[in-house]
Structures are given as structure tokens and as C-alpha cells.
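Chemist: Below is one structure. I have some questions about it.
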Amino acid sequence: MISTKVWRLWAASIALAGLCWPASADEPFGVRLLRPDSLHGWEYGAKPPANWTISQGRLAGNGQSTPLVSGWTFGDFELRFGWSVKPGGAWRVGLPDVPCGAGWAVSFQEGDGCGAVRDGQQVVATGAKIDALPAGAMHTADVRRSGSVLQVIVDGNVTSEVAVDRNRRFGLTLSVPTGEATISDLRLAEPRGNALFNGKDLTGWWAPDKKGEWAAENGDLVCTVHRGLNYLRTDKEYANFTLSLEYKISHGGNSGIGIRTAREGWPSGDGMELQILDQPGEVKDSTMSIYGNLPPYDRADKSDEWNRVVIKAEGRMISAWVNGELVQQVNTANLPELKHRHLKGWIGVQDHGGKIRFRELYVHEGPDGLGLDAWYQPPSESGPAIVLDRLMNSERLSRADKLGSGVVSRTVPKGGEHVLAELTGPGALVRSWRTFAAGQLAFYFDGEDQPRIQCDAEHLFDHVPGVADQEQPLLMCLPYAQSLKVVLRDPLPATYRLEYVTFPPGVPVESFSTKKTAVPRGMLPAIEYRLDGLSSGKLREAEIYDRVNSEVRTIEPGTTVRLASLDGAGLVNWLRLRADRSALLNNDLWVEVTIDGESIPAIAAPARFVFPAFASGEALMGFSTLVMAQHDGFANLLAMPYGAGLSVAVGNRGQKPIEKVGVSMSVDRAGEKNRNDYAGRMRLRGIFQPAGQSLDDLIQRTGSGRWVSLVYQQPDNATTGISSLVVDGQARDGWAMTDLDAFFGRPGEGSSFYRALSGRRGGISWRYMLLEPVSFEHSLVLKPNAGDKLGDRLALFYLKK
């Protein structure tokens with residue numbers, strides 16, 4: 001007669017037989033949860049991982065090691081691993097409750113109590129005695145949860161079996177409560193769930209054009225007609241899930257897996273695309289990159305063979321395995337673009353011209369929710385992360401983050417050695433402009449005798465973490481913890497202008513090195529992809545935020561018409577003007593933004609100064625800027641927080657009616673969690689000063705905040721320069737210049753140019769200082785050179801209330 005315990009063990013094995021990629025004679029079990037040489041995927045504890053060593057997938061720790069919290073949760077699962085301990089040592093595998101709670105804990109040690117199970121503080125199974133092994137040998141462990149049963153098996157013997165509420169879901173943690181311990185080959189499998197593809201037809205799938213481009217062929221899902229980019233999409237939308245599949249792609253082929261995409265959206269812009277790319281070597285878009293945003297850790301795919309893929313999505317966590325190896329894992333809540341993506345949508349397979357076949361497509365759905373609360377504790381953001389996030393999310397500038405900025409300007413003669421800058425950390429060099437690139441540059445970090453960067457001045461972009469693929473001016477994020485000295489040797493006569501940011505105490509900053517740039521993974525590719533998208537006018541067209549679209553009106557001369565209003569608190573991500581391009585050729589059409597019910601607009605200026613990249617009235621597609629976009633109108637991406645309402649009006653100060661004028665906004669309306677945050681932010685305000693006003697200053701502003709932008713129309717046959725920038729009564733170094741080329745960054749190719757944050761078109765120049773705004777507590781005055789003629793100008797600030 002079969003015992004109850006053996007019966008349950010057999011039943012659990014049957015229940016788990018449908019695990020993703022079950023082991024066979026020539027196929028390893030499940031997927032690996034440990035990278036060979038890093039703790040990626042295990043960095044979500046209250047403290048960063050410390051006192052751990054990992055090599056070739058073998059993890060060793062001791063009683064001083066910080067607990068590791070993984071980025072995964074599970075319902076039914078099977079966990080297998082090898083383990084060893086030194087005398088007195090122990091492992092603790094934690095299964096915390098989702099979203100929070102102590103949950104279960106399983107202990108592994110030699111002697112009595114191995115496999116003991118606790119539920120919170122209560123011991124629910126005492127485990128069994130496990131004999132010690134010779135030095136170098138490892139025990140085996142298997143932790144299985146199926147429905148209402150949790151089993152622990154050590155060295156092939158059941159040590160514990162307990163009942164568990166089948167509705168409970170668990171995270172996964174590792175810790176060494178005492179002594180020294182090692183774990184190896186940590187693997188996991190989940191039930192593979194329901195079939196997405198029946199092997200016979202396209203039931204359950206759809207495509208915008210015709211399903212006929214895809215077909216079932218010998219049990220595989222194949223693309224039969226290649227028409228460029230195309231996705232076959234599931235009828236059903238999925239939020240939290242584990243997706244498993246196999247694919248085989250032709251040599252050099254390109255494809256992808258789309259997830260969480262709105263019905264009419266596109267994965268790489270609105271959901272996510274996990275890339276499939278058969279190219280040699282490691283590139284930023286290798287297989288299982290999150291396309292355009294985050295490269296994989298490395299490659300595990302095989303060319304011209306069937307490859308096994310598992311993609312796990314829960315809350316903001318995205319993980320991917322190829323042939324059992326963890327190649328992607330990230331909390332997208334911490335990424336500048338992906339934190340704005342949908343958490344539910346269709347799953348799709350992509351045709352991008354390569355011959356690709358899919359089979360064994362299964363999805364195991366998880367419950368709704370964001371996973372573990374521990375994943376979303378306020379992160380200790382690094383200085384570079386804060387600065388670079390400003391380029392993608394200008395709302396960062398409205399926060400009082402205590403970051404500062406500065407400028408060093410130096411003119412050097414021909415030949416010799418010259419110290420361009422000696423900067424005290426923590427900080428980051430973010431912008432470099434020069435009149436002529438010649439000679440050798442050397443960068444010395446933290447007082448070191450040898451430079452970490454040494455290169456020809458004209459090739460600096462190739463040696464630093466460059467932003468937006470632009471070289472003059474060069475935008476970058478070159479962090480230094482203690483100090484940075486920049487030396488130029490054997491130059492030709494030139495002027496250099498170097499701009500930097502400073503970080504307050506407590507903000508983590510690691511100095512750049514050639515092995516580790518100290519820039520967070522994914523930041524630079526995301527910025528580049530965002531810039532590329534904006535060049536074609538893309539503004540997250542199927543985004544998660546509300547869209548407010550006004551009706552189109554005719555604005556009569558001498559009138560001002562309110563077009564859109566918002567109540568309560570929130571954040572306007574971008575403002576778009578819908579009007580004919582001719583409306584930006586002069587100063588007749590004005591835009592007025594009023595916040596918090598104030599009687600005077602926070603911004604009132606000619607529309608061409610609010611959207612200066614389009615002031616020439618010409619159709620401009622393909623230009624690149626991180627602050628403006630052209631699609632169905634003209635958009636400015638400077639965020640506008642408000643606490644008690646916001647309205648947008650347009651006025652006509654000309655003599656003729658202006659037809660077909662409207663506005664659109666992307667709005668993040670405040671909820672209970674962020675209402676106080678948005679209401680307390682600095683507000684975007686502007687000062688427009690027409691030419692000819694009896695003012696002696698380019699800019700003058702009182703209050704507390706930061707200066708973020710200047711839009712300027714240079715008077716005909718006149719030159720405007722800067723004599724000084726005075727902040728809180730003190731003149732700042734590096735601001736004197738005979739003209740504004742160094743400020744706007746004109747690289748010398750003519751009167752018109754476009755860069756990511758600056759440009760000149762139709763006689764109007766603009767610069768947005770997203771990387772290095774100028775903060776002030778009481779006042780800011782930008783003074784021109786004596787006798788300079790001043791033109792129309794708009795200065796923008798984030799100001800405290």
C-alpha cells in the first residue's frame with residue numbers, strides 16, 4: 001500500500017511535469033537563476049549585495065553577507081541546486097509572501113534540522129538529519145511547491161512536506177545566517193501553462209493586415225510572406241506571465257518578441273520588444289535586448305539551431321533566458337524610458353525579413369500586481385543616473401535635488417601643456433565645446449598619476465560615455481568621485497568650454513574607468529533611441545498617460561482663447577501646438593500657460609519661441625532634438641508640474657485671423673501616492689523680453705530655482721555676447737564670451753544647425769540646459785557685453801513656489 005507521503009510526492013511530480021523546458025537526457029533542467037560572474041537579478045534587498053563571491057555560477061557567502069532578494073516571484077515551482085557548508089555553516093532559502101510578509105524559510109545545514117521549514121516565526125517542519133560530506137563534495141536540494149503542498153528533498157530524500165495555502169505566492173531570497181556556505185547550479189522551472197499556438201492554424205492570433213502572412217507549417221508558426229516589419233499578435237492581453245517558446249532563424253536574421261503592447265501600439269515604442277538577432281559578436285541589440293533601451297548581459301543563442309527562450313514579466317520586472325542562461329534582468333521602474341510603458345498588452349512574434357520559425361509557444365499567467373514591495377523601495381540613485389534621466393524625463397529638473405553646475409573656460413596658445421580644468425568631486429563632466437580640436441587630451445581621476453583617458457582631442461567622443469552621438473558640442477557623462485584634472489598637450493590655438501555638474505553628499509558616484517564607465521546600464525542606448533524616435537515625431541503614441549486634445553479654433557486679432565484646462569494636481573509631460581507652420585514665422589501667435597489659478601500666466605510668449613526648432617516655418621523631419629518633436633503639430637517636452645490646475649490659451653497679437661489652432665497635452669494626473677509630490681514641485685515659468693525694451697540684462701530673475709533654457713533671436717547685423725553670469729550676487733567663472741556661439745554650441749557649419757539640446761534656425765537660437773541647469777537661491781542675472789544690441793528672448797526657469 002502506498003503511504004500518504006509517497007502518494008503526495010508522486011502527485012506533485014505529476015503536477016509539475018508540465019514545467020517550462022523539463023529535463024531530458026540531453027537537456028538541462030529549467031533555467032539558471034545565477035549568472036556565471038555577477039549577482040544580476042539578486043540586487044533588490046534593503047542593502048546592496050556585499051561580502052559575496054561568485055565565480056562560474058558558484059556563489060559563496062558567510063554570516064556577514066547581506067541577504068539577497070531576487071527579482072522573481074512564483075506560484076507553483078521547482079527549485080534545484082547544489083550546496084555545501086563548512087562546519088557550523090547554513091543556507092537559508094527564503095520564500096517571502098507577495099507583496100510583503102516574512103513568508104516561508106527553508107534551512108539547509110549538515111546534521112539535524114536540514115530542510116526545516118518556518119512560516120514566519122512558526123516552525124512547521126523540523127527537517128531531517130543530513131550527514132556531512134567530504135570537503136569539496138556538494139549536497140543536492142530540491143524545493144517543490146505544487147498547489148497546496150511544499151516539499152523539500154535533500155540528497156534524494158524527502159526531509160519536509162507541509163501544507164500551504166494554494167493562493168499564496170512567493171518571492172525568492174538567499175542568505176547565510178551563520179558560518180560559510182556555497183551554492184551552485186541554482187535552477188528553476190515553472191509550469192509552462194497554456195498553449196498560445198495550436199500547431200494547426202492561427203486561432204487566437206491577429207495582425208493589422210492579413211494573417212495570411214503567417215501560417216502553421218508542420219506544427220511550427222512561420223512567416224510565409226515578408227513585407228517588412230510586421231507582428232502577429234495574440235487576441236488576448238497579458239500582464240504578468242512566464243512565456244516559453246522555441247525559435248529558429250536564418251543566418252543574419254532579425255525578429256523579436258513583442259510583449260505588453262496596446263492593441264494599436266508598437267512594441268519598441270509603446271510596449272517592449274525582446275529582440276531576436278542572429279549576428280556575430282555582442283551588439284547592443286543582440287538577442288533578448290529590450291530593443292532600443294537595454295542590451296543583454298551576453299549572448300547564449302545559437303545560429304541556425306533551435307533556441308529555447310523564457311521571458312518572465314511581473315510588475316516592472318523583466319527577465320529573459322536563452323537556452324537556460326539568464327541574459328536579461330531589469331527593474332524597468334528604474335529605467336528612463338521603460339518606466340513609462342504599459343504593464344499589460346498583447347504578445348506578438350515579429351517578421352523583420354529573416355526566415356523564422358516558432359514552436360512550443362506557451363504562457364503561464366500570474367496574478368495581477370506589481371510583485372514584491374521590496375522591489376520598489378526608493379533606490380539609492382547614482383549621480384550619473386540622476387543627470388542622464390533629465391534628458392529623458394525633464395520633470396527631474398522640477399525636483400529640489402541639490403545638484404549644482406559650473407563652467408570652466410580656457411583659451412590656449414599653440415604648443416605646450418595646459419591644464420584646462422581641475423575639478424573637485426563628486427561630480428561629472430557633461431559638455432565640452434571648443435573652437436578647434438588639435439593636440440592630446442588626458443584625464444586624471446582622483447589624484448592619480450596616470451590618466452585613465454588619453455586620446456587625440458578630435459577623437460574624444462570615442463573615449464568617453466558620449467550622449468546622443470554628437471561631437472560638437474560633445475555631450476557626455478564622465479563621473480569622478482574625488483577629482484578630475486583635464487590636460488591638453490601640443491594644441492593649436494583654441495578656446496575650450498567645459499561644463500560640469502556637482503553632486504551633494506550621499507549621492508553615490510563612482511569614477512569612470514575603461515573597464516566600467518560608471519554610467520548605469522541602458523541609460524545611453526535609451527537616450528539614443530529616444531532621440532531617434534523624436535526625430536520622426538514619435539511621442540509614445542499609445543502611452544499610459546491621458547491625452548488632452550482641444551478643439552481647433554480660429555483666433556481673431558486682438559483675442560486670447562483658452563483651449564484646454566486641467567483640474568487638481570499633476571504633470572504635463574509635453575505640450576503640442578497644432579497650427580499651420582506659417583503661424584511660427586512671426587510673433588503674432590502667442591502661447592499662455594497659467595498654473596494653480598494664478599492671475600498672471602507663468603509663461604506668455606510668441607509660439608515661435610516656445611517651439612523654436614520650427615520657427616523657420618519649413619517642414620523639418622529627420623532633425624534630432626531631445627526637447628522638441630514635429631508630428632501633427634509642434635511639441636515641447638519640458639515638463640510642467642501643477643498643484644491646483646493648469647490652463648493653456650493662445651492669443652493673436654497680429655492683424656489677421658489665425659485659423660485651425662489647437663493644443664494637445666500628455667498628462668500624468670496625480671493620485672494619492674504622488675499628489676503631494678507634484679503639488680510641491682518647482683513650477684516652469686518663463687520671461688519673454690522683446691528687443692528694444694529698456695533693459696540692460698539678457699536675463700534677470702529673482703526667487704529660488706534653476707535656469708534651464710534660453711531662446712534668442714539675434715538682431716540683424718549685430719553681435720551679442722556675455723560679460724558675466726551673476727548668481728546670488730556672485731559672478732560665476734567661465735561665462736565671459738564675445739558672442740553666443742560657445743553657449744549655443746554652433747559647431748561652425750553655418751548659421752543653421754541642430755543638436756540634441758541646442759540649435760539655430762530661422763534666425764532663432766535655442767539651448768536647453770537639461771544636463772547642467774544653473775541653480776540660484778535669490779537671483780540670477782546674465783549680463784551682455786557693453787554696447788551689445790539685444791534681441792527678442794525667452795528664458796525658462798523651474799522656480800520654487
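All residue names refer to the C-alpha cells as shown: chains lettered A, B, ... in order, residues numbered from 1 in each chain, ligands numbered from 1 in order.
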Quick one: residues within 9 Å of Gly671 in chain A, only C-alpha atoms, excluding same-chain residues fewer than 2 positions away - as a ChimeraX atom specification?

Modeler: /A:569-570,669,673-675

Chemist: Pick out the residues sitting within 10 Å of Pro378 in chain A, and hand them over as a list of chain:residue names; count only C-alpha atoms, and ignore anything fewer than 3 positions along from it in its own chain.

Modeler: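 The filter keeps A:Ala46, A:Asn334, A:Ala374, A:Trp375, A:Glu381.
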
Chemist: Of the residues A:Glu551, A:Glu471, A:Glu543, A:Asp112, which is the one nearest to His340 in chain A, using only C-alpha atoms?

Modeler: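 Nearest candidate to His340 in chain A out of A:Glu551, A:Glu471, A:Glu543, A:Asp112: A:Glu543.
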
Chemist: Excluding same-chain residues fewer than 4 positions from Gly315 in chain A, what lies within 9 Å of it counting only C-alpha atoms, as a list in words?

Modeler: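 Contacts, in chain order: Ala239, Asn240, Asn331, Thr332, Leu343, Asp368, Gly369, Leu370, Gly371 and Leu372 of chain A.
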
Chemist: Could you please take those selected residues and save N, CA and C atoms as a CSV table (one decimal), in the first residue's frame?

Modeler:
chain,number,residue,atom,x,y,z
A,239,ALA,N,-0.7,40.5,-18.7
A,239,ALA,CA,0.0,41.4,-17.8
A,239,ALA,C,1.3,40.7,-17.2
A,240,ASN,N,1.0,39.8,-16.2
A,240,ASN,CA,2.1,39.1,-15.5
A,240,ASN,C,2.1,37.7,-16.1
A,331,ASN,N,14.7,45.8,-13.4
A,331,ASN,CA,13.6,46.5,-12.9
A,331,ASN,C,13.3,47.7,-13.7
A,332,THR,N,12.3,47.7,-14.6
A,332,THR,CA,12.1,48.8,-15.5
A,332,THR,C,11.6,50.1,-14.9
A,343,LEU,N,1.8,47.9,-18.7
A,343,LEU,CA,2.0,46.7,-17.9
A,343,LEU,C,1.1,45.6,-18.3
A,368,ASP,N,-2.6,39.4,-11.0
A,368,ASP,CA,-2.3,40.9,-11.2
A,368,ASP,C,-1.5,41.4,-10.0
A,369,GLY,N,-0.8,42.5,-10.2
A,369,GLY,CA,0.0,43.1,-9.1
A,369,GLY,C,1.4,43.4,-9.6
A,370,LEU,N,2.1,44.1,-8.7
A,370,LEU,CA,3.5,44.6,-9.1
A,370,LEU,C,4.6,43.7,-8.5
A,371,GLY,N,4.2,42.6,-7.9
A,371,GLY,CA,5.3,41.7,-7.3
A,371,GLY,C,5.6,42.1,-5.9
A,372,LEU,N,6.8,42.0,-5.5
A,372,LEU,CA,7.3,42.3,-4.1
A,372,LEU,C,7.4,43.8,-3.9

Chemist: Find the residues near Gly88 in chain A: any atom within 9 Å, counting only C-alpha atoms, skip ones fewer than 2 places away on the same chain, and give them as an mmCIF file with N, CA, C and O atoms, in the first residue's frame.

Modeler:
data_model
loop_
_atom_site.group_PDB
_atom_site.id
_atom_site.type_symbol
_atom_site.label_atom_id
_atom_site.label_comp_id
_atom_site.auth_asym_id
_atom_site.auth_seq_id
_atom_site.Cartn_x
_atom_site.Cartn_y
_atom_site.Cartn_z
ATOM 1 N N VAL A 85 28.422 23.465 3.022
ATOM 2 C CA VAL A 85 28.701 24.371 4.139
ATOM 3 C C VAL A 85 29.958 23.901 4.846
ATOM 4 O O VAL A 85 30.291 22.711 4.832
ATOM 5 N N LYS A 86 30.644 24.842 5.438
ATOM 6 C CA LYS A 86 31.712 24.493 6.345
ATOM 7 C C LYS A 86 31.110 24.229 7.718
ATOM 8 O O LYS A 86 29.954 24.600 7.973
ATOM 9 N N ALA A 90 25.349 27.424 7.307
ATOM 10 C CA ALA A 90 23.987 27.088 6.893
ATOM 11 C C ALA A 90 23.535 28.010 5.776
ATOM 12 O O ALA A 90 23.995 29.155 5.666
ATOM 13 N N GLN A 109 21.567 22.659 6.213
ATOM 14 C CA GLN A 109 22.769 22.544 7.041
ATOM 15 C C GLN A 109 23.064 21.074 7.245
ATOM 16 O O GLN A 109 22.193 20.219 7.061
ATOM 17 N N GLU A 110 24.277 20.769 7.600
ATOM 18 C CA GLU A 110 24.629 19.387 7.922
ATOM 19 C C GLU A 110 24.276 19.096 9.366
ATOM 20 O O GLU A 110 24.343 19.973 10.236
ATOM 21 N N THR A 178 24.737 31.883 9.289
ATOM 22 C CA THR A 178 25.903 31.624 10.125
ATOM 23 C C THR A 178 26.940 30.842 9.338
ATOM 24 O O THR A 178 26.607 30.089 8.403
ATOM 25 N N GLY A 179 28.205 31.023 9.690
ATOM 26 C CA GLY A 179 29.274 30.258 9.067
ATOM 27 C C GLY A 179 29.516 30.616 7.626
ATOM 28 O O GLY A 179 29.239 31.738 7.183
ATOM 29 N N GLU A 180 30.027 29.640 6.874
ATOM 30 C CA GLU A 180 30.327 29.827 5.459
ATOM 31 C C GLU A 180 29.586 28.781 4.641
ATOM 32 O O GLU A 180 29.453 27.626 5.063
#

Chemist: I need the strand (DSSP E) residues of range 254-429 of chain A per DSSP on the backbone, written as JSON, numbers by chain.

Modeler: {"A": [254, 255, 256, 257, 258, 259, 260, 261, 272, 273, 274, 275, 276, 277, 307, 308, 309, 310, 311, 312, 313, 314, 317, 318, 319, 320, 321, 322, 325, 326, 327, 328, 329, 330, 331, 345, 346, 347, 348, 349, 350, 351, 356, 357, 358, 359, 360, 361, 362, 363, 364, 365, 404, 405, 406, 407, 408, 409, 410, 411, 412, 417, 418, 419, 420, 421, 422, 423, 424, 427, 428, 429]}

Chemist: Going by DSSP on the backbone, which residues of range 465-674 of chain A come out as helix (DSSP H, G or I)? List them as a PyMOL selection string.

Modeler: chain A and resi 523-535+581-584+607-610+612-614

Chemist: Sorted by chain and rising residue number, list the residues of range 341-372 of chain A at most 7 Å from range 251-272 of chain A (counting only C-alpha atoms), each with its closest atom pair and distance in Å to one decimal, as JSON lines.

Modeler:
{"residue": "A:Arg341", "atom": "CA", "partner": "A:Gly271", "partner_atom": "CA", "distance": 5.6}
{"residue": "A:His342", "atom": "CA", "partner": "A:Gly271", "partner_atom": "CA", "distance": 5.8}
{"residue": "A:Leu343", "atom": "CA", "partner": "A:Arg260", "partner_atom": "CA", "distance": 5.8}
{"residue": "A:Lys344", "atom": "CA", "partner": "A:Arg260", "partner_atom": "CA", "distance": 4.5}
{"residue": "A:Gly345", "atom": "CA", "partner": "A:Arg260", "partner_atom": "CA", "distance": 3.6}
{"residue": "A:Trp346", "atom": "CA", "partner": "A:Thr261", "partner_atom": "CA", "distance": 5.3}
{"residue": "A:Ile347", "atom": "CA", "partner": "A:Ile259", "partner_atom": "CA", "distance": 4.5}
{"residue": "A:Gly348", "atom": "CA", "partner": "A:Gly258", "partner_atom": "CA", "distance": 4.7}
{"residue": "A:Val349", "atom": "CA", "partner": "A:Ile257", "partner_atom": "CA", "distance": 4.9}
{"residue": "A:Gln350", "atom": "CA", "partner": "A:Gly256", "partner_atom": "CA", "distance": 5.1}
{"residue": "A:Asp351", "atom": "CA", "partner": "A:Ser255", "partner_atom": "CA", "distance": 5.7}
{"residue": "A:His352", "atom": "CA", "partner": "A:Ser255", "partner_atom": "CA", "distance": 5.3}
{"residue": "A:Gly353", "atom": "CA", "partner": "A:Asn254", "partner_atom": "CA", "distance": 6.8}
{"residue": "A:Gly354", "atom": "CA", "partner": "A:Gly253", "partner_atom": "CA", "distance": 4.2}
{"residue": "A:Lys355", "atom": "CA", "partner": "A:Gly253", "partner_atom": "CA", "distance": 6.7}

Chemist: How many Å separate CA of Pro465 in chain A from CA of Leu771 in chain A?

Modeler: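 A separation of 13.9 Å between them.
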
Chemist: Taking only C-alpha atoms into account, which of A:Leu474, A:Thr560, A:Ala195, A:Phe445 comes nearest Ala457 in chain A?

Modeler: A:Leu474

Chemist: Just the number, please: distance in Å from CA of Val650 in chain A to CA of Thr594 in chain A, one decimal.

Modeler: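 Atom-to-atom, CA of Val650 in chain A and CA of Thr594 in chain A are spaced 11.3 Å apart.
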
Chemist: Using only C-alpha atoms, which residues sit within 8 Å of Leu684 in chain A once same-chain residues fewer than 6 positions away are excluded, as a list in words?

Modeler: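 In the requested form, the answer reads Ser398, Ala602, Ile603, Ala639, Met640, Pro641, Leu796, Phe797, Tyr798 and Leu799 of chain A.
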
Chemist: Can you write just those residues out, N, CA and C atoms, as an mmCIF file, in the first residue's frame?

Modeler:
data_model
loop_
_atom_site.group_PDB
_atom_site.id
_atom_site.type_symbol
_atom_site.label_atom_id
_atom_site.label_comp_id
_atom_site.auth_asym_id
_atom_site.auth_seq_id
_atom_site.Cartn_x
_atom_site.Cartn_y
_atom_site.Cartn_z
ATOM 1 N N SER A 398 12.395 69.677 -12.047
ATOM 2 C CA SER A 398 11.480 70.361 -11.135
ATOM 3 C C SER A 398 11.643 69.894 -9.690
ATOM 4 N N ALA A 602 2.148 81.880 -16.120
ATOM 5 C CA ALA A 602 3.520 81.505 -15.786
ATOM 6 C C ALA A 602 4.423 81.632 -17.003
ATOM 7 N N ILE A 603 3.863 81.398 -18.170
ATOM 8 C CA ILE A 603 4.582 81.553 -19.439
ATOM 9 C C ILE A 603 3.670 82.288 -20.400
ATOM 10 N N ALA A 639 8.633 69.498 -18.986
ATOM 11 C CA ALA A 639 7.511 69.109 -18.127
ATOM 12 C C ALA A 639 7.005 70.303 -17.330
ATOM 13 N N MET A 640 5.686 70.293 -17.068
ATOM 14 C CA MET A 640 5.050 71.379 -16.332
ATOM 15 C C MET A 640 4.244 70.813 -15.158
ATOM 16 N N PRO A 641 4.803 70.803 -13.948
ATOM 17 C CA PRO A 641 4.027 70.367 -12.780
ATOM 18 C C PRO A 641 2.995 71.432 -12.393
ATOM 19 N N LEU A 796 13.592 80.357 -19.615
ATOM 20 C CA LEU A 796 12.719 79.465 -18.870
ATOM 21 C C LEU A 796 13.411 78.996 -17.590
ATOM 22 N N PHE A 797 12.619 78.884 -16.539
ATOM 23 C CA PHE A 797 13.125 78.524 -15.219
ATOM 24 C C PHE A 797 12.177 77.529 -14.561
ATOM 25 N N TYR A 798 12.713 76.683 -13.690
ATOM 26 C CA TYR A 798 11.907 75.988 -12.699
ATOM 27 C C TYR A 798 12.085 76.730 -11.383
ATOM 28 N N LEU A 799 10.986 77.251 -10.855
ATOM 29 C CA LEU A 799 11.056 78.111 -9.673
ATOM 30 C C LEU A 799 10.227 77.539 -8.538
#

Chemist: I'd like to know which of A:Leu757, A:Leu695, A:Ala320, A:Val327 is closest to Glu282 in chain A, using only C-alpha atoms.

Modeler: A:Val327

Chemist: Could you list, as a list in words, every residue within 8 Å of Asn785 in chain A, counting only C-alpha atoms and ignoring same-chain residues fewer than 5 positions away?

Modeler: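 With the cut-off at 8 Å, the set is Thr720, Gly721, Ile722, Ser723 and Thr738 of chain A.
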
Chemist: For the selection just defined, write its residues with N, CA, C and O atoms to a file, as an mmCIF file, in the first residue's frame.

Modeler:
data_model
loop_
_atom_site.group_PDB
_atom_site.id
_atom_site.type_symbol
_atom_site.label_atom_id
_atom_site.label_comp_id
_atom_site.auth_asym_id
_atom_site.auth_seq_id
_atom_site.Cartn_x
_atom_site.Cartn_y
_atom_site.Cartn_z
ATOM 1 N N THR A 720 25.867 89.669 -30.070
ATOM 2 C CA THR A 720 25.566 89.665 -28.646
ATOM 3 C C THR A 720 26.509 88.693 -27.962
ATOM 4 O O THR A 720 26.683 87.555 -28.415
ATOM 5 N N GLY A 721 27.115 89.135 -26.886
ATOM 6 C CA GLY A 721 27.977 88.275 -26.092
ATOM 7 C C GLY A 721 27.546 88.285 -24.642
ATOM 8 O O GLY A 721 26.467 88.752 -24.282
ATOM 9 N N ILE A 722 28.393 87.758 -23.780
ATOM 10 C CA ILE A 722 28.121 87.705 -22.338
ATOM 11 C C ILE A 722 29.322 88.270 -21.603
ATOM 12 O O ILE A 722 30.465 87.838 -21.842
ATOM 13 N N SER A 723 29.064 89.228 -20.732
ATOM 14 C CA SER A 723 30.155 89.734 -19.888
ATOM 15 C C SER A 723 30.251 88.945 -18.589
ATOM 16 O O SER A 723 31.347 88.688 -18.085
ATOM 17 N N THR A 738 32.629 86.680 -26.288
ATOM 18 C CA THR A 738 32.379 87.803 -27.195
ATOM 19 C C THR A 738 31.106 87.606 -28.024
ATOM 20 O O THR A 738 30.505 88.578 -28.473
#

Chemist: With only C-alpha atoms as the counted atoms, please give the residues lying no more than 6 Å from range 531-535 of chain A, apart from itself and same-chain residues fewer than 4 positions off, as a VMD selection string.

Modeler: chain A and resid 622 to 624 626 629

Chemist: Given the choices A:Asp696, A:Glu541, A:Asp389, A:Glu777, which gets closest to Asp728 in chain A if the distance is worked out from only C-alpha atoms?

Modeler: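 The closest residue to Asp728 in chain A is A:Glu777.
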
Chemist: May I ask for the distance between CA of Phe241 in chain A and CA of Ser146 in chain A, given in Å to one decimal place?

Modeler: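 Pair CA of Phe241 in chain A / CA of Ser146 in chain A returns 17.4 Å.
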